[in-house]
Amino acid sequence: MTGAPTPLLIGGALVGGGGGVFPTINPATEEPIGVAADGDTADLDRAVGAARTAFDSSDWCRDTALRVHCLDQLRDALNAEIETLREITIAEVGAPRALTHRGQLQTPVDDLRFPAATAKSYPWQVDLGIAAPMGVPTLRTLVREPYGVVGAITPWNFPHQVTFAKIGPALAAGNTVVLKPAPDTPWCAAEVGRIIAEKTDFPPGVINIVTASDHRIGAQLTQDPRVDAVSFTGSTATGRSVMAAAAQTIKKVFLELGGKSAFVVLDDADLAAACAAAASTVAMHAGQGCALTTRLVVPRESYSDALDMVSAAMSRIAVGDPNDPKTLCGPLISAKQRARVQSYLDLAIAEGGTFHCGGGRPAGLDRGFFIEPTVIAGLTNEARVAREEIFGPVLVVLAHDGDADALRIANDSPYGLSATVFGSGERAARVAAGLRVGTVNVNGGTWYCADVPFGGYKQSGVGREMGLAGFEEYLETKVVATAAPGAQR
Ligand code: NAD
C-alpha cells in the first residue's frame with residue numbers, strides 16, 4: 001500500500017501540497033505505510049476561496065436535485081471501492097476489520113442515504129400565512145437556506161463516520177465544504193477526495209479536502225472570515241480553541257467533543273450481562289470512541305463480584321492484529337496516544353487505585369501502540385482517572401449506594417455525551433430520565449442510527465450530528481414578509 005503521495009482536493013483538482021509530504025503510520029506495526037500531501041497555509045487559503053466561489057457563483061445551493069444526485073453517486077462510488085477503503089482504514093487507523101463492516105466504514109457510507117433523502121423531502125419554504133401584527137396584512141414565508149462555506153475538522157478515531165456525518169448533511173443542505181482531516185489519518189480522507197474527483201459530478205470547489213501535518217491549518221480554517229460555519233469533532237480542549245477563534249468572526253460553531261460516560265448497573269440488573277457489555281464496549285477499537293462507557297458504576301454490595309466478572313470478560317477480548325476478523329481491540333493510534341494512556345495508568349496507581357486486570361502492554365505484542373484492556377479498582381469518582389477522558393481501553397469501576405447515588409455519580413462529570421443503564425424497566429427508565437447526557441442505552445438498546453441525533457450536554461459539545469437535527473445544523477433561517485396585495489401604505 002505504498003506509492004505516490006495521496007493528493008489534496010482543491011477546486012475540483014487533485015493536487016500536491018505546498019508543504020511537501022508527511023508520513024502516515026500503521027499503528028499496529030509502527031511502520032510508515034506511505035505519505036500524504038502536506039497542505040500549507042496557501043493551500044487552505046485556495047481551498048476556502050474555491051468553496052466560497054462555488055457557493056457564491058453557482059447554483060449548487062439552489063439545485064437540490066443536483067445535490068441529491070451527487071450524494072447518491074458518492075455513496076455508490078464509495079461502495080464500489082469499499083474493499084480499498086477497508087484496507088486503508090485497517091492499516092492507517094488500526095481499526096479492527098470487523099468494525100469496518102459496521103461503524104468504521106460500511107455503516108457511515110450507507111448512512112449517506114439519509115441526508116440525501118432529507119434534502120429531497122425537506123420543506124425548504126413554509127407558508128406562515130397572513131397576519132397583521134403591526135396593522136399591515138402580511139404574507140409570511142419561512143425560508144431555510146444553507147450557511148455558505150462550512151469548515152469541517154475531524155479526528156482520527158472514526159474518520160469515515162465523522163467525515164460522512166459532516167459532509168453528508170452539509171452538502172445536502174446546499175453548503176460548500178472545506179474538510180481538514182486529522183494528521184494521523186490523511187489517507188482515509190484523501191481516498192474519499194480521489195473518489196469524489198474521479199467518480200462524481202460534484203462541481204469544482206463544492207467539496208475541498210486539505211490534509212496537513214500541522215494542526216494550525218485547522219486553526220486557520222476557524223479564523224478565515226470567508227468561512228461561515230465550523231463543524232468540529234475532537235477533544236474538548238481543542239473545541240474550546242475552535243469556539244474562541246470562531247468568535248472573532250461570529251461563525252456558527254458546531255462541536256462534538258469528548259466524554260467520560262457512565263455505565264450504571266442497578267441492584268436488580270443481570271450483573272454478569274452488564275459486566276460483559278461494559279467490557280466489550282470499553283475495549284472496542286481500544287477504547288478510542290467518544291461515547292464509550294468508561295466508568296462502570298455498580299452496587300457497593302456487588303463491587304467485588306463486578307470486578308471479577310468484568311475482568312474475566314476483559315480477558316476474553318481478542319486483542320491484537322486489526323487485520324484478524326476476530327480482533328475487537330486493536331492498537332492505539334500513535335506513540336503519543338499510547339504514552340498518554342500509559343500516563344493515566346501511572347496516575348491511577350499514584351491516586352491509590354489498583355489494576356484488577358491489565359495495566360500494561362499485552363503479552364506477545366512488542367510492536368504497535370497496544371495497551372491491555374485494563375480495569376481500575378479502589379477509587380472514587382473524585383479521582384482524575386474517573387473524571388478525565390483517557391481514550392484507551394480503560395474502565396474505572398466505582399461503587400454506588402442505590403439508584404439516586406448512581407445517578408448522582410453518573411452526572412458528576414464535566415462531560416455529558418452518553419450513558420448506559422442496566423436495571424428493571426421502571427427504575428432504569430427513571431435513572432435514564434435523570435441523566436444529563438445526549439444518548440442513553442437502556443439494557444443494551446442501540447441509539448446509533450442515521451435518523452438519530454447524536455451529541456453532548458455540558459462540555460461534550462454544542463449541537464447535534466445526524467438525524468433531522470443534524471441536517472438542520474447546516475441551515476440558516478430567513479423570513480420574507482410581503483405586504484398582502486392592497487395592504488401597502
Ligand atoms: P484533537 O482535538 O486533538 O484534534 C481534532 C482535529 O482538530 C484534528 O483534525 C486536529 O488537527 C484539529 N485541530 C487541532 N488543533 C486545532 C485548533 N487549534 N483549531 C482547529 N483545529 C485544530 O482530537 P483527536 O485527538 O484527533 O481526537 C480525539 C478526541 O475526539 C477525543 O477527545 C474524542 O472524545 C473526540 N471525539 C468526539 C466525538 C463526538 O462525536 N463527540 C467523536 C469522535 C472523537
# chains A, B, ... in the order shown; residues from 1 in each chain; ligands from 1

$ residues_around --residues "A:Thr64" --least-positions-apart "6" --cutoff "9 Å" --atoms "only C-alpha atoms" --output "ChimeraX atom specification"
/A:119-120,172-174

$ residues_around --residues "A:Ala428" --least-positions-apart "3" --cutoff "10 Å" --atoms "only C-alpha atoms" --output "count of residues only"
17

$ residues_around --residues "A:Ala286" --least-positions-apart "2" --cutoff "9 Å" --atoms "only C-alpha atoms" --output "NGL selection string"
:A and (95 or 282-284 or 288-289 or 319 or 328-332 or 370-373 or 391-394)

$ residues_around --residues "A:Ala80" --least-positions-apart "5" --cutoff "12 Å" --atoms "only C-alpha atoms" --output "MDAnalysis selection string"
chainID A and resid 73:75 85:86 106 109 195 199

$ write_last_selection --atoms "N, CA and C atoms" --output "PDB file, in the first residue's frame"
ATOM      1  N   GLN A  73     -24.410   9.412  -5.994  1.00  0.00           N
ATOM      2  CA  GLN A  73     -23.258   8.952  -6.780  1.00  0.00           C
ATOM      3  C   GLN A  73     -22.075   8.651  -5.851  1.00  0.00           C
ATOM      4  N   LEU A  74     -21.866   9.543  -4.885  1.00  0.00           N
ATOM      5  CA  LEU A  74     -20.738   9.354  -3.960  1.00  0.00           C
ATOM      6  C   LEU A  74     -20.919   8.050  -3.185  1.00  0.00           C
ATOM      7  N   ARG A  75     -22.137   7.809  -2.692  1.00  0.00           N
ATOM      8  CA  ARG A  75     -22.370   6.579  -1.924  1.00  0.00           C
ATOM      9  C   ARG A  75     -22.103   5.351  -2.798  1.00  0.00           C
ATOM     10  N   LEU A  85     -10.992   0.978   0.461  1.00  0.00           N
ATOM     11  CA  LEU A  85     -11.165   1.828   1.649  1.00  0.00           C
ATOM     12  C   LEU A  85     -10.982   1.013   2.923  1.00  0.00           C
ATOM     13  N   ARG A  86     -11.467  -0.218   2.915  1.00  0.00           N
ATOM     14  CA  ARG A  86     -11.355  -1.071   4.106  1.00  0.00           C
ATOM     15  C   ARG A  86      -9.881  -1.327   4.455  1.00  0.00           C
ATOM     16  N   GLN A 106     -18.628   0.791   6.684  1.00  0.00           N
ATOM     17  CA  GLN A 106     -19.814   0.473   5.880  1.00  0.00           C
ATOM     18  C   GLN A 106     -21.053   1.249   6.327  1.00  0.00           C
ATOM     19  N   VAL A 109     -20.983   4.964   5.293  1.00  0.00           N
ATOM     20  CA  VAL A 109     -21.173   5.100   3.835  1.00  0.00           C
ATOM     21  C   VAL A 109     -22.660   4.933   3.510  1.00  0.00           C
ATOM     22  N   ILE A 195     -11.979   9.712  -4.913  1.00  0.00           N
ATOM     23  CA  ILE A 195     -13.233   9.143  -5.435  1.00  0.00           C
ATOM     24  C   ILE A 195     -14.183  10.268  -5.856  1.00  0.00           C
ATOM     25  N   LYS A 199     -15.016  10.107  -9.651  1.00  0.00           N
ATOM     26  CA  LYS A 199     -16.230   9.300  -9.855  1.00  0.00           C
ATOM     27  C   LYS A 199     -17.548  10.040  -9.651  1.00  0.00           C
TER      28      LYS A 199
END

$ closest_residue --among "A:Val462, A:Met309, A:Leu44, A:Ile250" --to "ligand 1" --atoms "only C-alpha atoms and all ligand atoms"
A:Val462

$ residues_around --residues "A:Leu221" --least-positions-apart "4" --cutoff "9 Å" --atoms "only C-alpha atoms" --output "list in words"
Leu44, Asp45, Val48, Gly151, Ala152, Ile153, Val178, Lys180, Arg216, Ile217, Pro225, Val227 and Val230 of chain A

$ residues_around --residues "A:Phe254" --least-positions-apart "3" --cutoff "10 Å" --atoms "only C-alpha atoms" --output "list in words"
Ala152, Ala229, Val230, Ser231, Phe232, Thr233, Gly239, Val242, Met243, Lys251, Leu257, Gly455, Gly461, Val462, Gly463, Arg464, Glu465, Gly470, Glu473 and Tyr474 of chain A

$ closest_residue --among "A:Cys61, A:Ile317, A:Ala165, A:Cys70" --to "ligand 1" --atoms "only C-alpha atoms and all ligand atoms"
A:Ala165

$ closest_residue --among "A:Lys252, A:Lys326, A:His215, A:Arg226" --to "ligand 1" --atoms "only C-alpha atoms and all ligand atoms"
A:His215

$ select_by_dssp --residues "stretch 253-324 of chain A" --states "alpha helix (DSSP H)" --output "list in words"
Leu271, Ala272, Ala273, Ala274, Cys275, Ala276, Ala277, Ala278, Ala279, Ser280, Thr281, Val282, Ala283, Tyr303, Ser304, Asp305, Ala306, Leu307, Asp308, Met309, Val310, Ser311, Ala312, Ala313, Met314 and Ser315 of chain A

$ residues_around --residues "stretch 408-411 of chain A" --least-positions-apart "2" --cutoff "9 Å" --atoms "only C-alpha atoms" --output "ChimeraX atom specification"
/A:261-264,295,297,381,398,400,403-406,413-416,419,434-437

$ closest_residue --among "A:Asn441, A:Ser315, A:Asn26, A:Gln459" --to "ligand 1" --atoms "only C-alpha atoms and all ligand atoms"
A:Gln459

$ closest_residue --among "A:Asp59, A:Glu426, A:Asp321, A:Asp184" --to "ligand 1" --atoms "only C-alpha atoms and all ligand atoms"
A:Asp184

$ closest_residue --among "A:Gln104, A:Asn157, A:Gly486, A:Phe471" --to "A:Tyr122" --atoms "only C-alpha atoms"
A:Phe471

$ atom_distance --atom1 "atom CA of A:Phe202" --atom2 "atom CA of A:Val149"
15.1 Å

$ atom_distance --atom1 "atom CA of A:Thr327" --atom2 "atom CA of A:Gln161"
19.8 Å

$ decode --residues "stretch 51-91 of chain A" --atoms "N, CA and C atoms" --output "compact mmCIF listing (two decimals), in the first residue's frame"
# COMPACT_ATOMS: atom_id res chain seq x y z
N ALA A 51 -14.20 27.11 -2.28
CA ALA A 51 -15.51 26.82 -1.67
C ALA A 51 -16.39 28.07 -1.69
N ARG A 52 -15.77 29.22 -1.44
CA ARG A 52 -16.52 30.49 -1.45
C ARG A 52 -17.09 30.76 -2.84
N THR A 53 -16.22 30.61 -3.86
CA THR A 53 -16.65 30.87 -5.24
C THR A 53 -17.76 29.90 -5.64
N ALA A 54 -17.58 28.63 -5.28
CA ALA A 54 -18.59 27.63 -5.65
C ALA A 54 -19.93 27.97 -5.00
N PHE A 55 -19.88 28.49 -3.79
CA PHE A 55 -21.15 28.82 -3.13
C PHE A 55 -21.77 30.08 -3.74
N ASP A 56 -20.92 31.11 -3.93
CA ASP A 56 -21.45 32.41 -4.35
C ASP A 56 -21.81 32.45 -5.84
N SER A 57 -21.11 31.65 -6.67
CA SER A 57 -21.25 31.83 -8.11
C SER A 57 -21.83 30.62 -8.84
N SER A 58 -22.39 29.68 -8.12
CA SER A 58 -23.02 28.56 -8.82
C SER A 58 -24.42 28.35 -8.26
N ASP A 59 -25.11 27.41 -8.88
CA ASP A 59 -26.49 27.13 -8.48
C ASP A 59 -26.56 26.03 -7.42
N TRP A 60 -25.41 25.61 -6.94
CA TRP A 60 -25.34 24.49 -6.00
C TRP A 60 -26.35 24.63 -4.86
N CYS A 61 -26.40 25.83 -4.26
CA CYS A 61 -27.24 25.97 -3.06
C CYS A 61 -28.73 25.94 -3.40
N ARG A 62 -29.08 26.13 -4.68
CA ARG A 62 -30.50 26.11 -5.08
C ARG A 62 -30.90 24.81 -5.76
N ASP A 63 -29.91 24.04 -6.23
CA ASP A 63 -30.20 22.87 -7.06
C ASP A 63 -30.23 21.59 -6.21
N THR A 64 -31.36 21.37 -5.58
CA THR A 64 -31.47 20.20 -4.68
C THR A 64 -31.28 18.90 -5.46
N ALA A 65 -31.82 18.85 -6.66
CA ALA A 65 -31.73 17.60 -7.44
C ALA A 65 -30.26 17.26 -7.74
N LEU A 66 -29.45 18.27 -8.06
CA LEU A 66 -28.02 18.02 -8.32
C LEU A 66 -27.33 17.52 -7.05
N ARG A 67 -27.69 18.12 -5.94
CA ARG A 67 -27.04 17.72 -4.68
C ARG A 67 -27.38 16.26 -4.33
N VAL A 68 -28.64 15.90 -4.50
CA VAL A 68 -29.06 14.52 -4.21
C VAL A 68 -28.35 13.57 -5.17
N HIS A 69 -28.29 13.96 -6.44
CA HIS A 69 -27.60 13.13 -7.45
C HIS A 69 -26.14 12.91 -7.05
N CYS A 70 -25.45 13.97 -6.69
CA CYS A 70 -24.01 13.85 -6.35
C CYS A 70 -23.80 12.99 -5.10
N LEU A 71 -24.66 13.16 -4.11
CA LEU A 71 -24.50 12.36 -2.88
C LEU A 71 -24.81 10.88 -3.13
N ASP A 72 -25.82 10.62 -3.95
CA ASP A 72 -26.13 9.22 -4.28
C ASP A 72 -24.96 8.60 -5.06
N GLN A 73 -24.41 9.41 -5.99
CA GLN A 73 -23.26 8.95 -6.78
C GLN A 73 -22.07 8.65 -5.85
N LEU A 74 -21.87 9.54 -4.89
CA LEU A 74 -20.74 9.35 -3.96
C LEU A 74 -20.92 8.05 -3.18
N ARG A 75 -22.14 7.81 -2.69
CA ARG A 75 -22.37 6.58 -1.92
C ARG A 75 -22.10 5.35 -2.80
N ASP A 76 -22.58 5.39 -4.03
CA ASP A 76 -22.35 4.25 -4.93
C ASP A 76 -20.86 4.07 -5.21
N ALA A 77 -20.16 5.19 -5.44
CA ALA A 77 -18.73 5.10 -5.77
C ALA A 77 -17.93 4.60 -4.56
N LEU A 78 -18.30 5.03 -3.38
CA LEU A 78 -17.61 4.54 -2.18
C LEU A 78 -17.85 3.05 -2.03
N ASN A 79 -19.09 2.62 -2.26
CA ASN A 79 -19.39 1.20 -2.15
C ASN A 79 -18.63 0.38 -3.19
N ALA A 80 -18.46 0.96 -4.39
CA ALA A 80 -17.73 0.24 -5.45
C ALA A 80 -16.26 0.06 -5.06
N GLU A 81 -15.74 0.94 -4.21
CA GLU A 81 -14.32 0.84 -3.83
C GLU A 81 -14.17 0.52 -2.35
N ILE A 82 -15.18 -0.13 -1.79
CA ILE A 82 -15.20 -0.32 -0.34
C ILE A 82 -14.03 -1.20 0.13
N GLU A 83 -13.60 -2.14 -0.70
CA GLU A 83 -12.51 -3.02 -0.25
C GLU A 83 -11.19 -2.26 -0.15
N THR A 84 -10.95 -1.32 -1.09
CA THR A 84 -9.75 -0.48 -1.00
C THR A 84 -9.83 0.38 0.26
N LEU A 85 -10.99 0.98 0.46
CA LEU A 85 -11.16 1.83 1.65
C LEU A 85 -10.98 1.01 2.92
N ARG A 86 -11.47 -0.22 2.92
CA ARG A 86 -11.36 -1.07 4.11
C ARG A 86 -9.88 -1.33 4.45
N GLU A 87 -9.09 -1.65 3.42
CA GLU A 87 -7.68 -1.96 3.70
C GLU A 87 -6.95 -0.73 4.21
N ILE A 88 -7.26 0.44 3.64
CA ILE A 88 -6.64 1.68 4.11
C ILE A 88 -7.04 1.96 5.56
N THR A 89 -8.31 1.75 5.86
CA THR A 89 -8.82 2.05 7.20
C THR A 89 -8.17 1.14 8.24
N ILE A 90 -8.02 -0.13 7.90
CA ILE A 90 -7.39 -1.07 8.84
C ILE A 90 -5.93 -0.68 9.03
N ALA A 91 -5.24 -0.38 7.92
CA ALA A 91 -3.80 -0.10 8.01
C ALA A 91 -3.52 1.24 8.68
